[in-house]
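Student: Below: one structure in structure tokens.
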Amino acid sequence: MTDLEVPVLIVGGSLVGMSTALLLGHHGIRALAVEHHRGTAIHPRAAQISQRTMEIFRTVGVEQIVRKKSDEQFVQDGAIMAVETLAGKEIGYFISNLNEGVRDISPTERVFISQSLLEPLLKSRAEELGAQLRYGTDMVSFEEDSNGVTAVIHKRDAGKTQTVRAAYMVAADGAHSRVRERLGIAMRGRGTFSNSITIYFRGNVAPLLRGRNLSVIYVTNPTLRGFFRFEKPFDSGFLAVNALGDPTNPITDVSTGLTEERCLEFVRVALGSDEVPITIENIMPWKAQADVADRFQHERIFLAGDAAHVMPPNGGFGGNTGVQDAHNLVWKLAMVLKGKAGPELLATYESERRPVALFTVEQAYARYVTRTAPYLGTGGIQAVENDLNVELGYCYGDDRRVHENPRESKGRPGTRAPHVWIEYEGRRISTLDLFGHNFVLLTGPEAKPPKMDLDADVHRIDDPAFLEAYGITPSGTVLVRPDGFVAARTR
Ligand SMILES: Cc1cc2nc3c(=O)[nH]c(=O)nc-3n(C[C@H](O)[C@H](O)[C@H](O)COP(=O)(O)OP(=O)(O)OC[C@H]3O[C@@H](n4cnc5c(N)ncnc54)[C@H](O)[C@@H]3O)c2cc1C
């Protein structure tokens, strides 16, 4: 017997599960997300939100509120750099200002906002769009058949069990995904290279910052290797610790046998000062790992986010990649559920997202090795690509080319449709504001729209900047998918 019927059941309601519910709501699909925890994230974790994720948030109407809240929490446009200690010697800068040189390429910006502040914003919009989010609820078992998935969910406090029938299930249940395990899908890659910890603490670090605007501060000294992140007004933050002791042969099991005193000592050493009174608030163990699931789809079940790929936080790619998984998947699910496309469309989720995940995980690993753990050896790792190429330059349709400089894509099929400010129907908008629901056909001023089997919104744009950005002549056309990727182009 089934208690509930939903089009899509999402397992896990954290950053990626919540984004999936929100994006499905945007496409008119009322999903049910179940989350083990009793509420949204309590730990900051992901904070670096890429321009691509912000573009996705813009599509669903949360960009402005995310920007406003991010300003309240962090000083934006900070640097990503490395020190021996916060009070002491600077080693170097990887990025001197998070948004320097990238503002022209997107209608939005990279921001810092922690998961604990972001998730409630996504939740409220997801609920407005019809998503059902059930906290304190576990998905305890499931069976898949040719027509759907039947899952048993358990409300922890009420001790109540229900059966849910869904046409599709999205497993956004994190790095230790039980769904993935149950489906027998293996993870492959570099494996786990550190039992790391994040130490959340309070203490006035403003004097040690000396007015520097620093978003991520890598710490490398003979005692430890890790990174700091501080929130406004610089009286709280965290220190992630990945390795201890001898920099050439360090101890990478940081989490075993840990005491609060030892954590206090780590924070003091990384600050390079005993003078700041520090209170430890929490200590979270996590594994630094770089692995990708062998499959992202099993019949009617899809893996997304950390369930599909786990990477070290260096680069701030993990959560962003998960949101992009969701963005790639939801319009396909929506089209299939609405009978506008056959289920074969869903197979493109894995064929498009898995190569991007393999690349992004390697990029995060390369940053981990070069910034924190040279002892792992740089032989056989990818060169560190410009962050922009990872964030906006990921592309689909050719396994040999999964990323490129987005400034050079110019509307090439398989790449993100470029942003250009245009005057359209009396308003100044980004070309990206035309995408999000349906397929969109953009035409030059002299183009004759082709006959298509597909339902598409047609926009004629008479602007040389648009033609240049999309690499077409006045008689050219560009077909853009609901996720803002170019499907086809006639020049
Ligand atoms: C220190 C640190 C800093 C980071 N910084 C960044 C950053 O700046 N930018 C970035 O993009 N990424 C960052 N990351 C990575 C980012 O936090 C993760 O990639 C992201 O949280 C993954 O989200 P997720 O929703 O896929 O998985 P999770 O956040 O792990 O969520 C999975 C959820 O599923 C729930 N769940 C599991 N099983 C069940 C079940 N059976 N029933 C119900 N619920 C279930 C869990 O309770 C959990 O809430 C950072 C990570 C760390 C550790």
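The chains in the structure tokens are called A, B, ... from first to last as shown; in each chain the residues are counted from 1, and the ligands are counted from 1 in the order shown.
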Which neighbours of stretch 329-341 of chain A fall inside 8 Å, counting only C-alpha atoms, when residues of the same chain fewer than 6 positions from it are skipped, and could you give them as a ChimeraX atom specification?

Tutor: /A:7,20,23-24,27-29,349,437,482-483

Student: Show me, as a PyMOL selection string, the residues that have an atom within 6 Å of A:Gly13 when counting only C-alpha atoms, minus same-chain residues fewer than 3 positions from it.

Tutor: chain A and resi 17-18+33-35

Student: Next, the residues of the selection above should be written as a PDB file, in the first residue's frame with N, CA and C atoms.

Tutor:
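Output (part-v3.pdb):
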ATOM      1  N   GLY A  17      20.093  18.425  -2.398  1.00  0.00           N
ATOM      2  CA  GLY A  17      18.706  17.955  -2.385  1.00  0.00           C
ATOM      3  C   GLY A  17      17.738  19.126  -2.416  1.00  0.00           C
ATOM      4  N   MET A  18      18.054  20.153  -1.626  1.00  0.00           N
ATOM      5  CA  MET A  18      17.202  21.346  -1.572  1.00  0.00           C
ATOM      6  C   MET A  18      17.183  22.054  -2.924  1.00  0.00           C
ATOM      7  N   ALA A  33      11.185  16.067  -0.681  1.00  0.00           N
ATOM      8  CA  ALA A  33      12.558  15.820  -0.223  1.00  0.00           C
ATOM      9  C   ALA A  33      12.511  15.395   1.238  1.00  0.00           C
ATOM     10  N   VAL A  34      13.200  14.300   1.560  1.00  0.00           N
ATOM     11  CA  VAL A  34      13.270  13.878   2.962  1.00  0.00           C
ATOM     12  C   VAL A  34      14.691  14.071   3.464  1.00  0.00           C
ATOM     13  N   GLU A  35      14.805  14.605   4.669  1.00  0.00           N
ATOM     14  CA  GLU A  35      16.116  14.931   5.236  1.00  0.00           C
ATOM     15  C   GLU A  35      16.207  14.388   6.662  1.00  0.00           C
TER      16      GLU A  35
END

Student: Taking into account only C-alpha atoms and all ligand atoms, which residue in the set A:Glu391, A:Glu385, A:Asp274, A:Glu404 is nearest to ligand 1?

Tutor: A:Glu391

Student: How would you write, as a PyMOL selection string, the set of residues in stretch 28-175 of chain A that DSSP gives as alpha helix (DSSP H)?

Tutor: chain A and resi 51-59+63-73+115-128

Student: Interatomic distance between atom CA of A:Pro343 and atom CA of A:Val356?

Tutor: 21.9 Å

Student: Give me, as an MDAnalysis selection string, all polymer residues having an atom no more than 8 Å from stretch 414-426 of chain A, counting only C-alpha atoms and skipping those fewer than 2 positions away in the same chain.

Tutor: chainID A and resid 105:107 392:397 406 409:412 428:432 461 463 465:466 469:470 480 484:487

Student: Can I get the selection written as a compact mmCIF listing (two decimals), in the first residue's frame, with N, CA, C and O atoms?

Tutor:
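The file below, out_8.txt, is the result:
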# COMPACT_ATOMS: atom_id res chain seq x y z
N ILE A 105 31.63 38.79 -17.36
CA ILE A 105 31.25 37.56 -18.06
C ILE A 105 29.91 36.99 -17.59
O ILE A 105 29.39 36.03 -18.15
N SER A 106 29.35 37.62 -16.58
CA SER A 106 28.11 37.09 -15.99
C SER A 106 27.28 38.26 -15.47
O SER A 106 27.84 39.29 -15.09
N PRO A 107 25.96 38.09 -15.40
CA PRO A 107 25.16 39.16 -14.78
C PRO A 107 25.28 39.15 -13.27
O PRO A 107 24.75 40.02 -12.59
N LEU A 392 32.60 28.24 -15.13
CA LEU A 392 31.70 28.63 -16.23
C LEU A 392 32.06 27.94 -17.54
O LEU A 392 31.29 28.01 -18.49
N GLY A 393 33.21 27.30 -17.57
CA GLY A 393 33.68 26.74 -18.85
C GLY A 393 33.42 25.26 -19.00
O GLY A 393 33.84 24.65 -19.98
N TYR A 394 32.73 24.63 -18.03
CA TYR A 394 32.45 23.20 -18.20
C TYR A 394 31.46 23.03 -19.35
O TYR A 394 30.59 23.86 -19.56
N CYS A 395 31.65 21.96 -20.12
CA CYS A 395 30.80 21.82 -21.30
C CYS A 395 30.47 20.36 -21.58
O CYS A 395 31.08 19.46 -21.00
N TYR A 396 29.52 20.17 -22.45
CA TYR A 396 28.94 18.84 -22.67
C TYR A 396 29.10 18.40 -24.12
O TYR A 396 29.27 19.22 -25.02
N GLY A 397 28.97 17.09 -24.30
CA GLY A 397 28.83 16.56 -25.66
C GLY A 397 30.11 16.03 -26.27
O GLY A 397 30.08 15.42 -27.33
N PRO A 406 35.56 30.11 -20.96
CA PRO A 406 34.21 30.51 -21.40
C PRO A 406 34.21 31.76 -22.27
O PRO A 406 33.24 32.01 -22.98
N SER A 409 34.13 30.40 -25.87
CA SER A 409 33.09 29.46 -26.32
C SER A 409 32.22 30.06 -27.41
O SER A 409 31.87 29.40 -28.38
N LYS A 410 31.83 31.31 -27.23
CA LYS A 410 31.06 32.06 -28.24
C LYS A 410 29.90 31.26 -28.83
O LYS A 410 29.75 31.15 -30.05
N GLY A 411 29.12 30.67 -27.97
CA GLY A 411 27.91 30.00 -28.44
C GLY A 411 28.14 28.65 -29.08
O GLY A 411 27.24 28.10 -29.73
N ARG A 412 29.33 28.08 -28.89
CA ARG A 412 29.58 26.74 -29.45
C ARG A 412 28.61 25.75 -28.82
O ARG A 412 28.45 25.74 -27.59
N ARG A 428 16.57 46.49 -19.87
CA ARG A 428 17.96 46.02 -19.97
C ARG A 428 18.03 44.69 -19.23
O ARG A 428 17.80 44.64 -18.01
N ILE A 429 18.30 43.65 -19.98
CA ILE A 429 18.36 42.33 -19.35
C ILE A 429 19.63 41.62 -19.80
O ILE A 429 20.29 42.02 -20.75
N SER A 430 19.94 40.54 -19.09
CA SER A 430 21.02 39.66 -19.55
C SER A 430 20.39 38.65 -20.51
O SER A 430 19.24 38.24 -20.31
N THR A 431 21.14 38.23 -21.50
CA THR A 431 20.64 37.15 -22.36
C THR A 431 20.25 35.94 -21.50
O THR A 431 19.31 35.22 -21.82
N LEU A 432 20.95 35.76 -20.39
CA LEU A 432 20.67 34.60 -19.53
C LEU A 432 19.26 34.68 -18.92
O LEU A 432 18.69 33.65 -18.54
N ILE A 461 16.97 39.14 -31.60
CA ILE A 461 17.81 40.13 -30.91
C ILE A 461 18.64 40.90 -31.94
O ILE A 461 19.49 40.32 -32.62
N ASP A 463 21.23 43.18 -32.00
CA ASP A 463 22.28 43.83 -31.22
C ASP A 463 23.63 43.22 -31.63
O ASP A 463 23.83 42.00 -31.47
N ALA A 465 26.43 43.22 -30.27
CA ALA A 465 27.16 42.57 -29.16
C ALA A 465 26.66 41.14 -28.97
O ALA A 465 27.44 40.22 -28.66
N PHE A 466 25.37 40.94 -29.18
CA PHE A 466 24.80 39.59 -29.09
C PHE A 466 25.38 38.70 -30.20
O PHE A 466 25.81 37.57 -29.95
N ALA A 469 28.96 37.84 -29.38
CA ALA A 469 29.10 36.91 -28.25
C ALA A 469 28.68 35.49 -28.62
O ALA A 469 29.23 34.52 -28.09
N TYR A 470 27.70 35.37 -29.53
CA TYR A 470 27.18 34.04 -29.88
C TYR A 470 27.78 33.51 -31.18
O TYR A 470 27.39 32.44 -31.66
N VAL A 480 18.87 27.27 -27.41
CA VAL A 480 19.41 27.14 -26.05
C VAL A 480 18.47 26.26 -25.21
O VAL A 480 17.25 26.42 -25.26
N GLY A 484 20.28 26.62 -20.08
CA GLY A 484 21.17 27.67 -20.55
C GLY A 484 22.38 27.17 -21.30
O GLY A 484 23.36 27.90 -21.45
N PHE A 485 22.36 25.93 -21.77
CA PHE A 485 23.45 25.41 -22.61
C PHE A 485 23.01 25.41 -24.07
O PHE A 485 21.84 25.15 -24.37
N VAL A 486 23.96 25.70 -24.95
CA VAL A 486 23.63 25.79 -26.37
C VAL A 486 23.41 24.38 -26.92
O VAL A 486 24.27 23.50 -26.78
N ALA A 487 22.23 24.18 -27.54
CA ALA A 487 21.91 22.87 -28.12
C ALA A 487 22.33 22.83 -29.59
O ALA A 487 22.80 21.80 -30.08

Student: Please provide as a PyMOL selection string all residues within 10 Å of A:Ala158, with the sequence filter that same-chain residues fewer than 3 positions apart are discarded (counting only C-alpha atoms).

Tutor: chain A and resi 136-137+154-155+161

Student: Give me a file of those residues, with N, CA and C atoms, as a short mmCIF file (atom, residue, chain, number, x, y, z; two decimals), in the first residue's frame.

Tutor:
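What landed in again-v9.cif:
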data_model
loop_
_atom_site.label_atom_id
_atom_site.label_comp_id
_atom_site.auth_asym_id
_atom_site.auth_seq_id
_atom_site.Cartn_x
_atom_site.Cartn_y
_atom_site.Cartn_z
N GLY A 136 13.86 15.64 9.71
CA GLY A 136 13.78 14.60 10.73
C GLY A 136 13.17 13.33 10.16
N THR A 137 13.39 13.12 8.86
CA THR A 137 12.77 11.97 8.18
C THR A 137 13.83 11.21 7.40
N HIS A 154 10.73 7.27 7.27
CA HIS A 154 10.46 7.13 8.71
C HIS A 154 10.64 8.48 9.38
N LYS A 155 9.57 8.98 9.97
CA LYS A 155 9.64 10.26 10.69
C LYS A 155 10.22 9.96 12.06
N THR A 161 6.03 5.58 10.07
CA THR A 161 6.58 5.09 8.81
C THR A 161 5.55 5.23 7.69
#
